[in-house]
Amino acid sequence: MGKMKKLTRRDFMAAAGGTLVSIGLPGVFVKLMDSENRALAAELRPDGRPRIPPGQHAVKALPNMGGTRGTGAASEWNLKIGGEVANPQILKLVDVMKLSQIDLTCDVHCVTGWTLLDSRWRGVPLTAVMDLVKVKDSARFVIFEANGDYSSNIPLSEARKDNVILAHGYSGGALPQVHGAPLRGLVPDRYFYKSVKWLKAIRFVSVDEPGYYEESGYSNSADPWKEERFD
């Protein structure tokens, strides 16, 4: 498949208000009522931060954020894991399913302005994969790679959090292909472009490698509570 078209800041932020024509995303986000959003905005997380970060609004369902889809067929898929590791692996989905599994309920936040509260996922803690491949002390960052030359990056310190997983299930069932099946990354405490869909490779590296959106001017750290949308 061809490379994904780079987006301008104007294109991306024009998407925040509703119909996502500028980046090819179908439909309109179904937002909660303003009164519901105000009530939710007053709620706090256990760490004291608001559940809905600044500049965000709650939506009722996980939007289809587009992208270059990978294969949804488990028999045709594998995940290559390498870089600064002692035990590189190529995993089929059956191998992923043999690793420790967790159910995770979390809020996710998109840089375009939507937040989905209490989304439900099932998958493998990224730390379980790190233990499997024996990440070296020289590693400092994790690079997620997908179809269409898409990639994104997080520090190793973020990857070690309990809520960072490789998800194969969503909302009580299998992860839909439109949302990244058979496997996607999930990094809830960063804007959603860090949660890479249709994973095909994970690399552990010593030097940071900004990904698709990061190279286009979007924040490398992508903290929703600091509104780190652009660098």
# chains A, B, ... in the order shown; residues from 1 in each chain; ligands from 1
>>> residues_around(residues="Val94 in chain A", least_positions_apart="6", cutoff="12 Å", atoms="only C-alpha atoms", output="JSON, numbers by chain")
{"A": [74, 75, 76, 77, 78, 79, 168, 182, 183]}
>>> write_last_selection(atoms="N, CA, C and O atoms", output="PDB file, in the first residue's frame")
ATOM      1  N   ALA A  74      -6.037 -13.395  11.296  1.00  0.00           N
ATOM      2  CA  ALA A  74      -4.978 -13.808  12.214  1.00  0.00           C
ATOM      3  C   ALA A  74      -3.950 -14.693  11.535  1.00  0.00           C
ATOM      4  O   ALA A  74      -2.758 -14.646  11.850  1.00  0.00           O
ATOM      5  N   SER A  75      -4.392 -15.505  10.572  1.00  0.00           N
ATOM      6  CA  SER A  75      -3.481 -16.440   9.911  1.00  0.00           C
ATOM      7  C   SER A  75      -2.443 -15.729   9.052  1.00  0.00           C
ATOM      8  O   SER A  75      -1.402 -16.301   8.728  1.00  0.00           O
ATOM      9  N   GLU A  76      -2.697 -14.486   8.677  1.00  0.00           N
ATOM     10  CA  GLU A  76      -1.793 -13.738   7.802  1.00  0.00           C
ATOM     11  C   GLU A  76      -0.981 -12.695   8.564  1.00  0.00           C
ATOM     12  O   GLU A  76      -0.217 -11.946   7.962  1.00  0.00           O
ATOM     13  N   TRP A  77      -1.126 -12.652   9.871  1.00  0.00           N
ATOM     14  CA  TRP A  77      -0.535 -11.567  10.657  1.00  0.00           C
ATOM     15  C   TRP A  77       0.571 -12.072  11.562  1.00  0.00           C
ATOM     16  O   TRP A  77       0.510 -13.175  12.093  1.00  0.00           O
ATOM     17  N   ASN A  78       1.593 -11.258  11.731  1.00  0.00           N
ATOM     18  CA  ASN A  78       2.566 -11.505  12.788  1.00  0.00           C
ATOM     19  C   ASN A  78       3.105 -10.178  13.298  1.00  0.00           C
ATOM     20  O   ASN A  78       2.927  -9.131  12.664  1.00  0.00           O
ATOM     21  N   LEU A  79       3.740 -10.237  14.443  1.00  0.00           N
ATOM     22  CA  LEU A  79       4.282  -9.052  15.096  1.00  0.00           C
ATOM     23  C   LEU A  79       5.771  -9.266  15.308  1.00  0.00           C
ATOM     24  O   LEU A  79       6.181 -10.171  16.028  1.00  0.00           O
ATOM     25  N   HIS A 168      -6.337  -6.708  21.858  1.00  0.00           N
ATOM     26  CA  HIS A 168      -6.975  -7.521  20.823  1.00  0.00           C
ATOM     27  C   HIS A 168      -8.486  -7.626  21.050  1.00  0.00           C
ATOM     28  O   HIS A 168      -9.198  -8.235  20.262  1.00  0.00           O
ATOM     29  N   PRO A 182      -5.719  -7.200  13.958  1.00  0.00           N
ATOM     30  CA  PRO A 182      -5.922  -8.036  15.140  1.00  0.00           C
ATOM     31  C   PRO A 182      -5.285  -7.500  16.428  1.00  0.00           C
ATOM     32  O   PRO A 182      -5.604  -7.980  17.498  1.00  0.00           O
ATOM     33  N   LEU A 183      -4.377  -6.518  16.350  1.00  0.00           N
ATOM     34  CA  LEU A 183      -3.705  -6.034  17.544  1.00  0.00           C
ATOM     35  C   LEU A 183      -3.350  -4.563  17.371  1.00  0.00           C
ATOM     36  O   LEU A 183      -2.853  -4.153  16.320  1.00  0.00           O
TER      37      LEU A 183
END
>>> closest_atom_pairs(of="range 169-230 of chain A", to="range 147-156 of chain A", cutoff="9 Å", atoms="only C-alpha atoms", output="tab-separated table")
residue	atom	partner	partner_atom	distance
A:Val187	CA	A:Ile154	CA	8.8
A:Tyr193	CA	A:Ser152	CA	7.3
A:Lys194	CA	A:Ser152	CA	5.6
A:Ser195	CA	A:Ser152	CA	7.9
A:Val196	CA	A:Ser152	CA	6.8
A:Lys197	CA	A:Asn147	CA	8.7
A:Trp198	CA	A:Asn147	CA	6.8
A:Leu199	CA	A:Asn147	CA	7.6
A:Lys200	CA	A:Asn147	CA	7.2
A:Phe204	CA	A:Leu156	CA	8.3
A:Asp208	CA	A:Asn153	CA	7.5
A:Glu209	CA	A:Asn153	CA	6.7
A:Pro210	CA	A:Asn153	CA	6.1
A:Gly211	CA	A:Ser152	CA	4.3
A:Tyr212	CA	A:Ser151	CA	5.5
A:Tyr213	CA	A:Ser152	CA	7.6
A:Glu214	CA	A:Ser152	CA	7.5
A:Asn220	CA	A:Asn153	CA	7.8
A:Ser221	CA	A:Ile154	CA	7.6
>>> write_last_selection(atoms="N, CA, C and O atoms", output="tab-separated table (two decimals), in the first residue's frame")
chain	number	residue	atom	x	y	z
A	187	VAL	N	-2.25	3.42	24.67
A	187	VAL	CA	-1.48	4.26	25.58
A	187	VAL	C	-2.43	5.33	26.10
A	187	VAL	O	-2.48	6.45	25.59
A	193	TYR	N	-3.10	9.30	18.98
A	193	TYR	CA	-2.23	8.93	17.85
A	193	TYR	C	-1.03	8.12	18.32
A	193	TYR	O	-0.32	7.53	17.50
A	194	LYS	N	-0.81	8.07	19.63
A	194	LYS	CA	0.24	7.20	20.18
A	194	LYS	C	-0.24	5.74	20.29
A	194	LYS	O	0.58	4.84	20.45
A	195	SER	N	-1.55	5.53	20.21
A	195	SER	CA	-2.12	4.17	20.34
A	195	SER	C	-2.28	3.57	18.94
A	195	SER	O	-3.36	3.57	18.36
A	196	VAL	N	-1.20	3.04	18.42
A	196	VAL	CA	-1.10	2.66	17.01
A	196	VAL	C	-1.98	1.44	16.69
A	196	VAL	O	-1.92	0.42	17.37
A	197	LYS	N	-2.78	1.59	15.64
A	197	LYS	CA	-3.63	0.49	15.15
A	197	LYS	C	-2.84	-0.41	14.18
A	197	LYS	O	-1.85	-0.01	13.61
A	198	TRP	N	-3.39	-1.63	13.98
A	198	TRP	CA	-2.84	-2.58	13.00
A	198	TRP	C	-1.34	-2.77	13.17
A	198	TRP	O	-0.56	-2.70	12.22
A	199	LEU	N	-0.95	-3.05	14.39
A	199	LEU	CA	0.48	-3.21	14.69
A	199	LEU	C	1.12	-4.31	13.84
A	199	LEU	O	0.55	-5.38	13.67
A	200	LYS	N	2.30	-4.02	13.35
A	200	LYS	CA	3.07	-5.06	12.66
A	200	LYS	C	4.48	-5.21	13.22
A	200	LYS	O	5.13	-6.21	12.97
A	204	PHE	N	12.52	-1.49	20.18
A	204	PHE	CA	13.06	-0.80	21.34
A	204	PHE	C	14.38	-0.16	20.93
A	204	PHE	O	15.26	-0.85	20.39
A	208	ASP	N	15.46	8.36	20.29
A	208	ASP	CA	14.06	8.56	19.93
A	208	ASP	C	13.89	8.70	18.41
A	208	ASP	O	14.75	9.26	17.73
A	209	GLU	N	12.76	8.18	17.91
A	209	GLU	CA	12.42	8.27	16.49
A	209	GLU	C	10.98	8.79	16.36
A	209	GLU	O	10.04	7.98	16.38
A	210	PRO	N	10.79	10.10	16.28
A	210	PRO	CA	9.42	10.63	16.12
A	210	PRO	C	8.72	10.00	14.93
A	210	PRO	O	9.34	9.70	13.91
A	211	GLY	N	7.41	9.78	15.07
A	211	GLY	CA	6.66	9.04	14.08
A	211	GLY	C	5.92	9.91	13.09
A	211	GLY	O	6.27	11.07	12.85
A	212	TYR	N	4.86	9.35	12.52
A	212	TYR	CA	4.12	9.97	11.42
A	212	TYR	C	3.59	11.35	11.78
A	212	TYR	O	3.87	12.34	11.11
A	213	TYR	N	2.81	11.44	12.85
A	213	TYR	CA	2.25	12.74	13.24
A	213	TYR	C	3.30	13.61	13.90
A	213	TYR	O	3.30	14.84	13.74
A	214	GLU	N	4.19	13.02	14.66
A	214	GLU	CA	5.21	13.79	15.35
A	214	GLU	C	6.10	14.54	14.34
A	214	GLU	O	6.47	15.70	14.56
A	220	ASN	N	5.52	15.54	20.43
A	220	ASN	CA	6.20	14.27	20.64
A	220	ASN	C	5.81	13.65	21.97
A	220	ASN	O	5.77	12.43	22.10
A	221	SER	N	5.49	14.48	22.95
A	221	SER	CA	5.10	13.97	24.27
A	221	SER	C	3.60	13.75	24.39
A	221	SER	O	3.15	12.82	25.04
>>> select_by_dssp(residues="range 11-225 of chain A", states="helix (DSSP H, G or I)", output="VMD selection string")
chain A and resid 11 to 17 21 to 23 34 to 41 74 to 76 93 to 97 126 to 133 156 to 159 177 to 179 192 to 194 212 to 215 224 to 225
>>> closest_atom_pairs(of="range 150-231 of chain A", to="range 104-120 of chain A", cutoff="6 Å", atoms="only C-alpha atoms", output="tab-separated table")
residue	atom	partner	partner_atom	distance
A:Tyr170	CA	A:Arg120	CA	5.8
A:Ser171	CA	A:Arg120	CA	4.8
A:Pro188	CA	A:Val108	CA	5.2
A:Tyr191	CA	A:Cys110	CA	5.1
A:Phe192	CA	A:Cys110	CA	4.8
>>> write_last_selection(atoms="C-alpha atoms", output="CSV table (one decimal), in the first residue's frame")
chain,number,residue,atom,x,y,z
A,170,TYR,CA,-12.8,-4.1,22.7
A,171,SER,CA,-16.1,-3.6,24.6
A,188,PRO,CA,-4.4,5.9,27.5
A,191,TYR,CA,-3.2,11.6,22.8
A,192,PHE,CA,-4.7,8.7,20.8
>>> residues_around(residues="Ala42 in chain A", least_positions_apart="5", cutoff="12 Å", atoms="only C-alpha atoms", output="count of residues only")
10
>>> atom_distance(atom1="CA of Val135 in chain A", atom2="CA of Asp95 in chain A")
18.4 Å
>>> closest_residue(among="A:Arg184, A:Arg140, A:His57, A:Arg203", to="Gly83 in chain A", atoms="only C-alpha atoms")
A:Arg203
>>> residues_around(residues="Val178 in chain A", least_positions_apart="2", cutoff="7 Å", atoms="only C-alpha atoms", output="list in words")
Asn64, Pro176 and Gly180 of chain A
>>> residues_around(residues="Gln101 in chain A", least_positions_apart="5", cutoff="9 Å", atoms="only C-alpha atoms", output="VMD selection string")
chain A and resid 122 to 125
>>> residues_around(residues="Ile202 in chain A", least_positions_apart="3", cutoff="9 Å", atoms="only C-alpha atoms", output="PyMOL selection string")
chain A and resi 79-83+142-145+199
>>> write_last_selection(atoms="N, CA and C atoms", output="mmCIF file, in the first residue's frame")
data_model
loop_
_atom_site.group_PDB
_atom_site.id
_atom_site.type_symbol
_atom_site.label_atom_id
_atom_site.label_comp_id
_atom_site.auth_asym_id
_atom_site.auth_seq_id
_atom_site.Cartn_x
_atom_site.Cartn_y
_atom_site.Cartn_z
ATOM 1 N N LEU A 79 3.740 -10.237 14.443
ATOM 2 C CA LEU A 79 4.282 -9.052 15.096
ATOM 3 C C LEU A 79 5.771 -9.266 15.308
ATOM 4 N N LYS A 80 6.583 -8.416 14.679
ATOM 5 C CA LYS A 80 8.037 -8.493 14.815
ATOM 6 C C LYS A 80 8.467 -7.583 15.957
ATOM 7 N N ILE A 81 9.247 -8.115 16.868
ATOM 8 C CA ILE A 81 9.705 -7.353 18.025
ATOM 9 C C ILE A 81 11.225 -7.446 18.080
ATOM 10 N N GLY A 82 11.870 -6.284 18.030
ATOM 11 C CA GLY A 82 13.327 -6.295 17.978
ATOM 12 C C GLY A 82 13.933 -4.992 18.457
ATOM 13 N N GLY A 83 15.146 -4.731 17.983
ATOM 14 C CA GLY A 83 15.879 -3.550 18.425
ATOM 15 C C GLY A 83 16.790 -3.887 19.585
ATOM 16 N N VAL A 142 10.204 3.255 22.801
ATOM 17 C CA VAL A 142 9.500 2.191 22.094
ATOM 18 C C VAL A 142 8.902 2.778 20.825
ATOM 19 N N ILE A 143 9.111 2.098 19.699
ATOM 20 C CA ILE A 143 8.572 2.527 18.413
ATOM 21 C C ILE A 143 7.537 1.501 17.967
ATOM 22 N N PHE A 144 6.302 1.963 17.758
ATOM 23 C CA PHE A 144 5.234 1.117 17.238
ATOM 24 C C PHE A 144 5.121 1.369 15.735
ATOM 25 N N GLU A 145 5.052 0.297 14.942
ATOM 26 C CA GLU A 145 4.974 0.427 13.493
ATOM 27 C C GLU A 145 3.736 -0.286 12.964
ATOM 28 N N LEU A 199 -0.945 -3.052 14.387
ATOM 29 C CA LEU A 199 0.476 -3.210 14.687
ATOM 30 C C LEU A 199 1.115 -4.308 13.845
#
>>> closest_residue(among="A:Lys161, A:Lys136, A:Lys98, A:His179", to="Gly67 in chain A", atoms="only C-alpha atoms")
A:His179
